[in-house]
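Here's the structure we're looking at; comments come further down.
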Amino acid sequence: MDFHQEFIEFSVRQQVLRFGEFRTKAGRLSPYFFNAGLFNRGAALDKLAGFYAQAIEASGIPVDALFGPAYKGIPLVAVLAVELARRGRDLPFSFNRKEAKDHGEGGSIVGAPLAGRVLIVDDVISAGTSVRESVELIRAAGATPAGVVIALDRMERGSGELSAVQEVQRLYGMPVIAVATLDDLLRFLRQSPDFRPNEDAVARYRRTYGVA
């Protein structure tokens, strides 16, 4: 089993990935729901960082620093920095405040100065708002956005024909690395007798709302 499949299995086991009927922000009825906020214990977060690290290593993109957008990106970027250091890549990391601090060190960035090729670390991309804000902060500091790494790519159309991930890739000309995609989820369902009953509903959803 490759790390994409291992991640899907892990997410199901942690009840981060669930099956049923869930209404999305777009008003669609989805047969599955993914909530990375439920990786809320130390051991789970540690294992999650390992999956992110594997995805980054497999991508081969050059990275000098890590950035986590508030709020979910903050714990993700911290544990990922620790995991990469374990693997021999000791990268600086930082994150932003929602409101700039006007005392102490001031500003909206906490951690290492933004410099070089900066990888944005987040859970998912929905509207792309946190990516846009992150890109603006990174460029304003004179650094270069190197890409985005996320846990799951739903591969689902937004308001147009492109998915949120594809829109980010086209708008900013940078890669989006996903630990797993909707196609990985479908492969997991096909190969898992306990969860195979969910395959038809997820496949229908993919046909109706998915992108290539």
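Following the order of the structure tokens, chains are lettered A, B, ..., residues in each are numbered from 1, and ligands are numbered from 1.
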Could you find all residues in region 118-160 of chain A that DSSP calls alpha helix (DSSP H) from the backbone, and write them as a VMD selection string?
chain A and resid 129 to 140
Skipping near chain neighbours, those fewer than 2 positions away, what residues fall within 10 Å of Ser163 (chain A) using only C-alpha atoms, listed as an MDAnalysis selection string?
chainID A and resid 125:127 153:161 165:169 209:212
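By only C-alpha atoms, and with residues fewer than 4 positions from Lys72 (chain A) along its chain excluded, the set lying at most 7 Å from it is Leu76, Asp122 and Asp123 of chain A.
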Would you return as a PyMOL selection string the members of region 49-93 of chain A that DSSP assigns to strand (DSSP E or B) on this structure's backbone?
chain A and resi 65-68+93
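One finds CA of Ile120 (chain A) at 10.6 Å from CA of Arg132 (chain A).
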What's the 8 Å shell around Phe188 (chain A), counting only C-alpha atoms, without same-chain residues fewer than 3 positions away, as an mmCIF file with N, CA, C and O atoms, in the first residue's frame?
data_model
loop_
_atom_site.group_PDB
_atom_site.id
_atom_site.type_symbol
_atom_site.label_atom_id
_atom_site.label_comp_id
_atom_site.auth_asym_id
_atom_site.auth_seq_id
_atom_site.Cartn_x
_atom_site.Cartn_y
_atom_site.Cartn_z
ATOM 1 N N GLN A 5 -2.706 5.705 -0.131
ATOM 2 C CA GLN A 5 -3.698 4.784 0.401
ATOM 3 C C GLN A 5 -3.603 4.671 1.917
ATOM 4 O O GLN A 5 -4.614 4.589 2.609
ATOM 5 N N ILE A 8 -5.418 7.610 3.418
ATOM 6 C CA ILE A 8 -6.875 7.466 3.389
ATOM 7 C C ILE A 8 -7.324 6.519 4.498
ATOM 8 O O ILE A 8 -8.263 6.813 5.255
ATOM 9 N N GLU A 9 -6.660 5.379 4.619
ATOM 10 C CA GLU A 9 -7.006 4.413 5.659
ATOM 11 C C GLU A 9 -6.855 5.029 7.054
ATOM 12 O O GLU A 9 -7.714 4.848 7.921
ATOM 13 N N ASP A 184 -7.647 8.693 -5.208
ATOM 14 C CA ASP A 184 -7.053 7.792 -4.220
ATOM 15 C C ASP A 184 -8.125 7.219 -3.295
ATOM 16 O O ASP A 184 -8.077 6.041 -2.919
ATOM 17 N N LEU A 185 -9.087 8.062 -2.939
ATOM 18 C CA LEU A 185 -10.183 7.609 -2.084
ATOM 19 C C LEU A 185 -10.985 6.519 -2.787
ATOM 20 O O LEU A 185 -11.314 5.481 -2.185
ATOM 21 N N GLN A 191 -10.770 -1.377 -2.978
ATOM 22 C CA GLN A 191 -9.898 -2.416 -2.441
ATOM 23 C C GLN A 191 -10.219 -2.778 -0.993
ATOM 24 O O GLN A 191 -9.551 -3.646 -0.419
ATOM 25 N N SER A 192 -11.218 -2.135 -0.389
ATOM 26 C CA SER A 192 -11.520 -2.356 1.029
ATOM 27 C C SER A 192 -12.930 -2.921 1.189
ATOM 28 O O SER A 192 -13.908 -2.179 1.066
#
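Shortest atom-to-atom contact with Arg170 (chain A) among A:Gly128, A:Leu17, A:Arg139, A:Phe67: A:Gly128, counting only C-alpha atoms.
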Neighbouring residues of Asp90 (chain A) were defined as those with any atom within 12 Å, considering only C-alpha atoms; residues of the same chain fewer than 2 positions away were excluded. Please report them as a list of chain:residue names.
A:Val63, A:Asp64, A:Ala65, A:Leu66, A:Ala78, A:Leu80, A:Ala81, A:Val82, A:Glu83, A:Leu84, A:Ala85, A:Arg86, A:Arg87, A:Gly88, A:Pro92, A:Phe93
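For the choices A:Leu38, A:Val148, A:Val121, A:Val77, the atom-to-atom distance to Phe10 (chain A) is smallest for A:Leu38 when using only C-alpha atoms.
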Which residue is closest to Asn35 (chain A)? Choose from A:Val124, A:Pro69, A:Arg117, A:Asp194 and count only C-alpha atoms.
A:Val124
Residue neighbourhood Phe195 (chain A), 10 Å, only C-alpha atoms, exclusion window fewer than 5 positions, as number ranges by chain
A: 12, 19, 188-190
Same residues, N, CA and C atoms, saved as a PDB file, in the first residue's frame:
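That gives us again.pdb:
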ATOM      1  N   VAL A  12      -9.722   7.455   7.758  1.00  0.00           N
ATOM      2  CA  VAL A  12     -10.956   6.737   8.087  1.00  0.00           C
ATOM      3  C   VAL A  12     -10.888   6.215   9.519  1.00  0.00           C
ATOM      4  N   PHE A  19     -18.265   8.686   5.908  1.00  0.00           N
ATOM      5  CA  PHE A  19     -19.174   8.423   4.800  1.00  0.00           C
ATOM      6  C   PHE A  19     -20.611   8.536   5.276  1.00  0.00           C
ATOM      7  N   PHE A 188      -9.120   3.299  -2.744  1.00  0.00           N
ATOM      8  CA  PHE A 188      -9.211   2.694  -1.409  1.00  0.00           C
ATOM      9  C   PHE A 188     -10.540   1.966  -1.238  1.00  0.00           C
ATOM     10  N   LEU A 189     -11.641   2.593  -1.652  1.00  0.00           N
ATOM     11  CA  LEU A 189     -12.966   1.977  -1.496  1.00  0.00           C
ATOM     12  C   LEU A 189     -13.078   0.690  -2.306  1.00  0.00           C
ATOM     13  N   ARG A 190     -12.515   0.695  -3.513  1.00  0.00           N
ATOM     14  CA  ARG A 190     -12.568  -0.510  -4.346  1.00  0.00           C
ATOM     15  C   ARG A 190     -11.825  -1.673  -3.710  1.00  0.00           C
TER      16      ARG A 190
END
